[in-house]
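Trainee: What follows is run-v9.cif; its format and atoms are mmCIF, C-alpha atoms.
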```cif
data_structure
#
loop_
_atom_site.label_atom_id
_atom_site.label_comp_id
_atom_site.auth_asym_id
_atom_site.auth_seq_id
_atom_site.Cartn_x
_atom_site.Cartn_y
_atom_site.Cartn_z
CA MET A 1 141.03 110.29 130.29
CA LEU A 2 137.58 110.91 128.91
CA ASP A 3 136.04 109.75 125.65
CA ARG A 4 135.33 113.01 123.80
CA ARG A 5 132.26 111.74 121.97
CA GLU A 6 130.69 110.32 125.14
CA LEU A 7 131.50 113.52 127.05
CA VAL A 8 129.96 115.88 124.49
CA LYS A 9 126.92 113.62 124.13
CA GLU A 10 126.44 113.61 127.90
CA LEU A 11 126.78 117.41 128.11
CA LEU A 12 124.29 118.03 125.29
CA VAL A 13 121.57 115.48 126.06
CA GLU A 14 118.26 117.20 126.98
CA ARG A 15 119.86 120.52 126.10
CA ASP A 16 116.61 122.50 125.88
CA GLY A 17 117.42 126.03 124.71
CA LEU A 18 121.20 125.73 124.97
CA LEU A 19 123.05 127.60 122.20
CA VAL A 20 126.20 125.80 121.07
CA VAL A 21 129.22 127.10 119.18
CA SER A 22 131.72 124.42 118.10
CA GLY A 23 135.37 125.05 117.28
CA LEU A 24 136.77 123.86 113.97
CA GLY A 25 138.03 120.31 113.56
CA ALA A 26 137.20 117.50 115.94
CA PRO A 27 134.94 119.53 118.30
CA THR A 28 132.64 120.34 115.37
CA TYR A 29 132.49 116.60 114.55
CA ASP A 30 131.90 115.74 118.22
CA VAL A 31 129.01 118.21 118.50
CA ALA A 32 127.50 116.90 115.24
CA ALA A 33 127.94 113.31 116.46
CA ALA A 34 125.95 114.15 119.60
CA GLY A 35 122.99 114.92 117.31
CA ASP A 36 122.60 117.63 114.70
CA HIS A 37 120.62 120.58 116.07
CA PRO A 38 119.62 123.93 114.55
CA LEU A 39 121.03 125.73 117.60
CA ASN A 40 124.52 124.45 116.78
CA PHE A 41 126.80 127.00 115.15
CA TYR A 42 129.48 124.83 113.60
CA LEU A 43 132.81 126.45 112.81
CA TRP A 44 134.90 125.09 109.96
CA GLY A 45 137.49 127.87 110.07
CA ALA A 46 138.20 131.29 111.65
CA MET A 47 140.46 129.48 114.12
CA GLY A 48 140.65 131.27 117.45
CA SER A 49 137.23 132.93 117.18
CA ALA A 50 134.98 130.40 118.96
CA ALA A 51 135.13 131.95 122.44
CA MET A 52 134.47 135.45 121.09
CA ILE A 53 131.49 134.27 119.03
CA GLY A 54 130.24 132.81 122.29
CA LEU A 55 130.72 136.18 124.04
CA GLY A 56 128.87 138.14 121.34
CA LEU A 57 126.04 135.62 121.45
CA ALA A 58 125.91 135.57 125.26
CA LEU A 59 125.70 139.38 125.42
CA ALA A 60 123.02 139.42 122.71
CA ARG A 61 120.97 136.73 124.46
CA PRO A 62 121.39 137.24 128.22
CA HIS A 63 118.47 134.95 129.02
CA ALA A 64 119.86 131.99 127.04
CA ARG A 65 122.82 129.79 127.95
CA VAL A 66 125.72 129.63 125.55
CA ALA A 67 128.22 126.75 125.44
CA VAL A 68 131.36 126.99 123.33
CA ILE A 69 132.84 123.55 122.72
CA THR A 70 136.30 123.74 121.23
CA GLY A 71 139.76 122.19 121.21
CA ASP A 72 143.00 123.07 122.96
CA GLY A 73 144.64 124.31 119.75
CA GLU A 74 141.69 126.56 118.88
CA MET A 75 141.58 127.95 122.43
CA LEU A 76 145.33 128.62 122.41
CA MET A 77 144.92 130.69 119.26
CA GLY A 78 142.37 132.91 121.05
CA LEU A 79 143.95 133.16 124.51
CA GLY A 80 143.38 136.92 124.63
CA SER A 81 139.64 136.30 124.43
CA LEU A 82 139.82 134.72 127.91
CA ALA A 83 140.95 138.11 129.25
CA THR A 84 138.22 139.88 127.24
CA ILE A 85 135.56 137.53 128.63
CA GLY A 86 137.00 138.05 132.11
CA VAL A 87 136.42 141.78 131.78
CA LYS A 88 132.77 141.38 130.68
CA GLN A 89 131.90 138.55 133.12
CA PRO A 90 129.00 137.04 131.10
CA HIS A 91 126.93 135.00 133.54
CA ASN A 92 125.52 132.79 130.77
CA LEU A 93 128.69 131.71 128.95
CA VAL A 94 130.47 128.37 129.33
CA LEU A 95 133.65 127.36 127.52
CA VAL A 96 134.40 123.65 127.23
CA VAL A 97 137.87 122.84 125.94
CA LEU A 98 138.30 119.26 124.76
CA ASP A 99 142.00 118.98 125.53
CA ASN A 100 143.70 116.09 123.75
CA ARG A 101 147.05 117.94 123.88
CA HIS A 102 147.46 117.58 120.12
CA TYR A 103 146.51 119.08 116.79
CA GLY A 104 144.47 116.11 115.59
CA GLU A 105 143.40 117.68 112.31
CA THR A 106 146.94 118.29 111.06
CA GLY A 107 148.66 115.05 112.04
CA MET A 108 148.65 114.86 115.85
CA GLN A 109 151.47 117.30 116.51
CA ALA A 110 151.84 118.24 120.19
CA SER A 111 150.04 121.41 121.31
CA HIS A 112 151.24 123.77 124.03
CA THR A 113 149.10 122.00 126.65
CA ASN A 114 151.24 118.93 126.00
CA SER A 115 154.12 120.87 127.55
CA GLY A 116 152.13 121.65 130.65
CA ILE A 117 150.70 125.03 129.65
CA ASP A 118 147.75 125.22 132.02
CA LEU A 119 144.59 126.58 130.38
CA THR A 120 142.49 126.22 133.54
CA ALA A 121 144.99 128.31 135.51
CA ILE A 122 144.89 130.93 132.75
CA ALA A 123 141.08 131.00 132.91
CA LYS A 124 141.21 131.40 136.69
CA ALA A 125 143.68 134.24 136.31
CA CYS A 126 141.26 135.80 133.80
CA ARG A 127 138.55 135.93 136.51
CA PHE A 128 136.33 133.11 135.29
CA ALA A 129 133.77 132.46 138.03
CA GLU A 130 134.55 128.76 137.81
CA ALA A 131 137.46 127.07 136.06
CA ARG A 132 137.77 123.31 136.37
CA ALA A 133 139.86 120.57 134.78
CA ILE A 134 138.26 117.14 134.60
CA SER A 135 139.60 113.77 133.52
CA SER A 136 137.24 111.10 134.85
CA GLU A 137 133.65 110.04 134.28
CA ALA A 138 132.94 110.50 137.99
CA GLU A 139 133.20 114.26 137.43
CA LEU A 140 130.72 114.34 134.54
CA GLY A 141 127.55 114.88 136.56
CA GLY A 142 128.98 117.91 138.32
CA VAL A 143 130.22 119.40 135.08
CA ARG A 144 126.90 118.85 133.37
CA ARG A 145 125.14 120.74 136.20
CA LEU A 146 127.74 123.47 135.97
CA LEU A 147 127.27 123.82 132.22
CA HIS A 148 123.48 124.00 132.36
CA ALA A 149 122.95 125.94 135.59
CA GLY A 150 126.19 127.41 136.98
CA ALA A 151 126.89 131.14 137.19
CA GLY A 152 129.35 132.09 134.46
CA PRO A 153 131.72 132.72 133.01
CA ILE A 154 132.64 129.06 133.36
CA PHE A 155 135.69 127.29 131.93
CA ILE A 156 135.89 123.51 131.72
CA GLN A 157 139.04 121.81 130.50
CA ALA A 158 138.25 118.18 129.75
CA GLN A 159 141.20 115.85 129.37
CA VAL A 160 140.26 113.56 126.52
CA GLU A 161 142.01 110.72 124.71
CA ALA A 162 144.25 111.75 121.84
CA GLU A 163 142.65 109.82 119.00
CA ASN A 164 141.26 110.53 115.57
CA LEU A 165 137.69 109.25 115.55
CA PRO A 166 135.54 108.74 112.43
CA ARG A 167 134.45 112.19 111.26
CA VAL A 168 130.80 113.17 111.55
CA LEU A 169 130.43 116.04 109.12
CA PRO A 170 127.66 118.63 109.42
CA THR A 171 127.00 121.06 106.57
CA ARG A 172 129.91 123.32 105.62
CA ASP A 173 127.65 126.02 104.17
CA GLY A 174 128.12 128.99 106.51
CA ASN A 175 124.98 130.74 105.33
CA GLU A 176 122.89 127.65 105.94
CA ILE A 177 124.37 127.20 109.43
CA ARG A 178 123.71 130.88 110.28
CA VAL A 179 120.17 131.06 108.88
CA ARG A 180 119.11 127.79 110.45
CA PHE A 181 120.46 128.91 113.83
CA MET A 182 118.78 132.33 113.68
CA GLN A 183 115.43 130.89 112.62
CA ALA A 184 115.51 128.38 115.48
CA LEU A 185 116.58 131.08 117.94
CA ALA A 186 113.66 133.30 116.88
CA LYS A 187 111.27 130.58 118.08
CA ILE A 188 112.60 130.37 121.64
CA MET B 1 144.77 158.01 125.70
CA ASP B 2 146.75 160.51 123.69
CA PRO B 3 146.48 164.13 124.80
CA LEU B 4 147.93 165.22 121.47
CA VAL B 5 144.84 164.16 119.53
CA ASP B 6 142.07 166.72 119.35
CA ASN B 7 139.27 165.15 121.36
CA ALA B 8 137.21 168.34 121.29
CA ALA B 9 136.19 167.61 117.68
CA THR B 10 132.51 166.69 117.71
CA TRP B 11 132.23 164.49 114.60
CA PRO B 12 132.44 161.33 116.75
CA ASP B 13 129.09 162.38 118.25
CA ALA B 14 127.51 162.05 114.81
CA ILE B 15 128.78 158.45 114.63
CA TYR B 16 127.37 157.75 118.08
CA ALA B 17 124.00 159.23 117.05
CA HIS B 18 123.86 156.81 114.13
CA PHE B 19 124.76 153.91 116.41
CA LYS B 20 121.70 154.81 118.47
CA ARG B 21 119.46 155.32 115.45
CA ALA B 22 120.53 151.98 113.96
CA GLY B 23 120.03 150.16 117.27
CA ILE B 24 123.65 149.08 117.68
CA ARG B 25 123.96 147.41 121.08
CA GLN B 26 127.49 145.97 121.09
CA VAL B 27 130.67 147.88 120.33
CA GLY B 28 134.03 146.10 120.26
CA TYR B 29 137.20 148.16 120.33
CA VAL B 30 140.88 148.32 121.09
CA PRO B 31 141.77 151.57 122.88
CA ASP B 32 142.62 154.18 120.26
CA ALA B 33 143.38 157.88 120.39
CA GLY B 34 141.30 158.75 117.33
CA HIS B 35 138.24 156.90 118.65
CA THR B 36 138.59 158.19 122.23
CA ARG B 37 135.48 160.36 122.23
CA LEU B 38 133.27 157.75 120.53
CA ILE B 39 134.50 154.98 122.82
CA GLN B 40 133.67 157.10 125.86
CA ARG B 41 130.15 157.76 124.52
CA CYS B 42 129.65 154.00 124.19
CA ILE B 43 131.05 153.25 127.65
CA ASP B 44 128.72 155.87 129.16
CA ASP B 45 125.66 154.33 127.46
CA PRO B 46 124.08 151.54 129.54
CA GLU B 47 122.24 150.26 126.46
CA ILE B 48 125.51 149.52 124.67
CA ALA B 49 127.74 146.63 125.72
CA ASP B 50 131.22 148.05 125.28
CA VAL B 51 133.73 145.26 124.83
CA VAL B 52 137.40 146.13 125.13
CA LEU B 53 139.44 143.64 123.11
CA THR B 54 143.03 142.44 123.43
CA THR B 55 143.34 142.34 119.63
CA GLU B 56 141.09 143.49 116.81
CA GLU B 57 140.45 139.98 115.46
CA GLU B 58 138.48 139.19 118.61
CA GLY B 59 136.00 141.82 117.47
CA VAL B 60 135.15 139.91 114.30
CA GLY B 61 134.04 136.91 116.36
CA LEU B 62 132.16 139.23 118.71
CA ALA B 63 130.25 140.87 115.84
CA ALA B 64 129.41 137.47 114.33
CA GLY B 65 128.14 136.20 117.68
CA ALA B 66 126.08 139.34 118.22
CA ALA B 67 124.49 139.00 114.77
CA LEU B 68 123.80 135.33 115.40
CA GLY B 69 121.91 136.40 118.52
CA GLY B 70 119.96 139.04 116.61
CA MET B 71 121.86 142.06 117.96
CA ARG B 72 123.65 144.73 115.96
CA ALA B 73 127.32 145.40 116.62
CA ALA B 74 130.01 147.79 115.44
CA LEU B 75 133.79 147.49 115.59
CA LEU B 76 136.20 150.36 116.15
CA MET B 77 139.84 149.97 115.24
CA GLN B 78 142.93 151.64 113.90
CA SER B 79 144.24 150.83 110.42
CA SER B 80 147.08 148.76 111.91
CA GLY B 81 144.46 146.46 113.47
CA VAL B 82 142.80 145.64 110.17
CA GLY B 83 145.65 143.31 109.25
CA ASN B 84 145.08 141.38 112.46
CA CYS B 85 141.55 140.52 111.31
CA ILE B 86 142.08 139.08 107.85
CA ASN B 87 141.43 135.38 108.44
CA MET B 88 138.57 136.14 110.82
CA PHE B 89 136.82 138.04 108.03
CA SER B 90 136.19 134.62 106.43
CA LEU B 91 133.54 134.20 109.12
CA ILE B 92 131.72 137.29 107.87
CA LYS B 93 131.97 136.34 104.22
CA ASN B 94 131.19 132.64 104.52
CA CYS B 95 128.17 133.08 106.77
CA GLY B 96 126.82 136.31 105.30
CA PHE B 97 126.93 138.28 108.54
CA PRO B 98 126.51 142.06 108.41
CA CYS B 99 129.62 143.86 109.65
CA LEU B 100 130.27 147.53 110.35
CA VAL B 101 133.85 148.63 111.02
CA LEU B 102 134.96 152.20 111.71
CA VAL B 103 138.66 152.65 111.13
CA THR B 104 140.84 155.54 112.22
CA MET B 105 143.58 155.80 109.61
CA ARG B 106 147.26 156.04 110.36
CA GLY B 107 150.21 155.97 108.05
CA GLU B 108 148.85 158.12 105.27
CA PHE B 109 148.74 161.91 105.82
CA GLY B 110 151.86 163.39 107.34
CA GLU B 111 152.55 160.23 109.33
CA PHE B 112 155.66 160.56 111.49
CA ASN B 113 155.96 156.88 112.41
CA PRO B 114 157.24 154.66 109.59
CA TRP B 115 155.91 151.55 111.34
CA GLN B 116 152.32 152.73 110.73
CA ILE B 117 152.80 153.19 107.00
CA PRO B 118 152.89 149.63 105.57
CA MET B 119 149.49 148.63 107.00
CA GLY B 120 147.94 152.07 106.54
CA ALA B 121 148.87 151.97 102.87
CA ILE B 122 147.03 148.67 102.26
CA THR B 123 144.08 149.03 104.64
CA GLU B 124 141.45 149.86 102.01
CA GLU B 125 142.67 147.20 99.55
CA SER B 126 142.77 144.64 102.34
CA PHE B 127 139.13 145.30 103.17
CA LYS B 128 138.14 145.05 99.50
CA LEU B 129 140.01 141.75 99.08
CA ALA B 130 138.21 140.44 102.17
CA GLY B 131 134.83 141.26 100.63
CA PHE B 132 134.05 144.57 102.36
CA LEU B 133 132.63 147.71 100.79
CA THR B 134 134.58 150.79 101.84
CA TYR B 135 133.68 154.43 102.37
CA ARG B 136 136.31 157.04 103.08
CA ILE B 137 135.81 160.32 104.94
CA ASP B 138 138.25 163.24 104.71
CA HIS B 139 136.07 166.09 105.97
CA PRO B 140 134.14 166.45 109.26
CA ASP B 141 131.03 167.68 107.40
CA ASP B 142 130.73 164.30 105.66
CA VAL B 143 130.78 162.14 108.78
CA ASP B 144 127.05 162.29 109.51
CA ASP B 145 125.93 161.45 105.97
CA VAL B 146 128.49 158.75 105.24
CA VAL B 147 128.27 156.93 108.57
CA GLY B 148 124.47 157.01 108.34
CA ALA B 149 124.65 155.44 104.89
CA ALA B 150 127.15 152.84 106.12
CA CYS B 151 124.88 151.82 109.02
CA ASP B 152 121.95 151.38 106.64
CA MET B 153 124.04 149.45 104.13
CA ALA B 154 125.41 147.12 106.80
CA PHE B 155 122.18 146.23 108.56
CA ASP B 156 119.47 146.79 105.94
CA GLY B 157 121.62 145.80 102.97
CA ASN B 158 123.20 143.01 105.05
CA VAL B 159 126.76 143.61 103.90
CA ALA B 160 130.21 144.05 105.38
CA ILE B 161 131.30 147.67 105.21
CA ALA B 162 134.26 149.63 106.51
CA VAL B 163 134.32 153.39 107.00
CA LEU B 164 137.82 154.80 106.81
CA LEU B 165 138.20 157.97 108.88
CA SER B 166 141.22 159.54 107.24
CA GLN B 167 144.23 160.81 109.10
CA ARG B 168 143.46 164.24 107.70
CA LEU B 169 140.03 164.14 109.35
CA ILE B 170 141.33 162.89 112.68
CA GLY B 171 144.23 165.28 112.74
CA ARG B 172 147.89 164.61 112.21
CA LYS B 173 149.43 163.19 115.32
CA VAL B 174 151.86 165.72 116.71
CA TRP B 175 155.16 164.14 117.60
CA SER B 176 157.18 165.68 120.37
CA LYS B 177 160.03 164.35 122.46
#
```
Just dump the structure as structure tokens.
Mentor:
Amino acid sequence: MLDRRELVKELLVERDGLLVVSGLGAPTYDVAAAGDHPLNFYLWGAMGSAAMIGLGLALARPHARVAVITGDGEMLMGLGSLATIGVKQPHNLVLVVLDNRHYGETGMQASHTNSGIDLTAIAKACRFAEARAISSEAELGGVRRLLHAGAGPIFIQAQVEAENLPRVLPTRDGNEIRVRFMQALAKI
Amino acid sequence: MDPLVDNAATWPDAIYAHFKRAGIRQVGYVPDAGHTRLIQRCIDDPEIADVVLTTEEEGVGLAAGAALGGMRAALLMQSSGVGNCINMFSLIKNCGFPCLVLVTMRGEFGEFNPWQIPMGAITEESFKLAGFLTYRIDHPDDVDDVVGAACDMAFDGNVAIAVLLSQRLIGRKVWSK
């Protein structure tokens, strides 16, 4: 099992022009904990939309790399978007699912992945160019290279510990998050 | 595709022309008889990324992501799909994204299918409650003017706006066994 904070930090260090969308709940706190950045689009709601925001952004910015970092519950709510992404085949889009097999934000109830529902297999069936499940630190280097340089669409399911860590809260003001992101994007 | 809908009507071309004028480069849609001609125009245009969705709510995320990346998007859906989007519209409202939705109406004018009526009857109110402005078109002659105004409102006025293409405009769906 991986430590979610260490994993996200490792994936986002020296991120250059990487555009990041974070799913509501713990993934948004994990991305904020790795270091606040204007090119982070933090979600605090609209559950199930993270992957599609990533697709719209990836199509709008074909020369940038887009990483969506979300949780298993958020991904399960937008399963159809995996099929939609599979149709469009965006070469610059990476989905990272931090799979703790639970809904941490609502009291640690079991999610569908806890019953063996296999998100990586679903991503493969949806024609992702690469779909990989990881659970050990030895796999981190390869996944980091994949995220920053692999040909997408890429799906990474990271098995992480089921634990509620201290929350690191970025701004909740959606307008501020949007404007800050767009202003930073205009400079790259 | 529904052969019973009149796809020879040319008003969808006026919508497409405004998409081009406004610089819309992403169009998200769920296959729909009433939007058939417009969808095909978008598919045939290499400058427009046509994104076929599994459910309409995916389109709200798509439009938000496009706007975040500085690209204009439009969503095409049927009135029944509007209900699927409600929570996702919080993304548009909270972040102040522009949003342009073109809706083919069902369940209002001579509808034969009772299952279309509940959502069709509350489509416009649903949009208003979610913070959208709404325009409604009943006559083909109004399509050019109204859709042009909606494009300008969405992207120059930076608002969320839905254009309801009435069932009377689209043509009553002919039901046959």
Trainee: Please identify all residues of chain A having at least one atom at most 9 Å from any atom of chain B, considering only C-alpha atoms, and return them as an NGL selection string.
Mentor: :A and (41 or 43 or 45-61 or 78 or 80-81 or 83-85 or 87-88 or 173-179 or 181-182 or 185-186)
Trainee: Excluding range 117-133 of chain A and residues on its chain fewer than 3 positions from it, collect all residues at most 8 Å away from it, counting only C-alpha atoms, and give them as a PyMOL selection string.
Mentor: chain A and resi 82-83+85-87+89+112-114+151-159
Trainee: Evaluate the PyMOL selection byres ((chain A and resi 64) around 9) on the structure here and hand back the selected residues as a PyMOL selection string.
Mentor: chain A and resi 17-19+58+61-63+65-66+92
Trainee: Give as a count of residues only the residues that the PyMOL selection byres ((chain B and resi 149) around 12) matches when applied to the coordinates above.
Mentor: 28
Trainee: For the provided coordinates, the residues matched by the PyMOL selection byres ((chain B and resi 81) around 10) should be stated as a ChimeraX atom specification.
Mentor: /B:30,55-57,76-80,82-86,103-104,119-120,123
Trainee: Near Asp36 in chain A, counting only C-alpha atoms, which residues have an atom at most 12 Å away, once you skip same-chain residues fewer than 3 positions from it, shown as a PyMOL selection string?
Mentor: chain A and resi 9+12-13+20+22+28-33+39-42+168-171+177+180-181
Trainee: Name the closest residue to Pro166 in chain A among the candidates A:Gly23, A:Arg15, A:Thr70, A:Glu105; distances are taken between atoms, counting all atoms listed in the file.
Mentor: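 Once distances to Pro166 in chain A are computed over all atoms listed in the file, the minimum belongs to A:Glu105.
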Trainee: Have a look at CA of Asp16 in chain A and CA of Asp99 in chain A and let me know their distance in Å, one decimal.
Mentor: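 The value is 25.6 Å.
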Trainee: What is the CA of Leu95 in chain A to CA of Val68 in chain A distance in Å?
Mentor: 4.8 Å
Trainee: I'd like the contact shell of Val160 in chain A - 8 Å cut-off, all atoms listed in the file, skipping same-chain residues fewer than 5 positions apart - returned as a tab-separated table (two decimals) with C-alpha atoms, in the coordinates of the input.
Mentor:
```tsv
chain	number	residue	atom	x	y	z
A	1	MET	CA	141.03	110.29	130.29
A	2	LEU	CA	137.58	110.91	128.91
A	3	ASP	CA	136.04	109.75	125.65
A	4	ARG	CA	135.33	113.01	123.80
A	98	LEU	CA	138.30	119.26	124.76
A	99	ASP	CA	142.00	118.98	125.53
A	100	ASN	CA	143.70	116.09	123.75
A	135	SER	CA	139.60	113.77	133.52
```
Trainee: So how many Å separate CA of Leu129 in chain B and CA of Ile170 in chain B, to one decimal?
Mentor: 25.2 Å
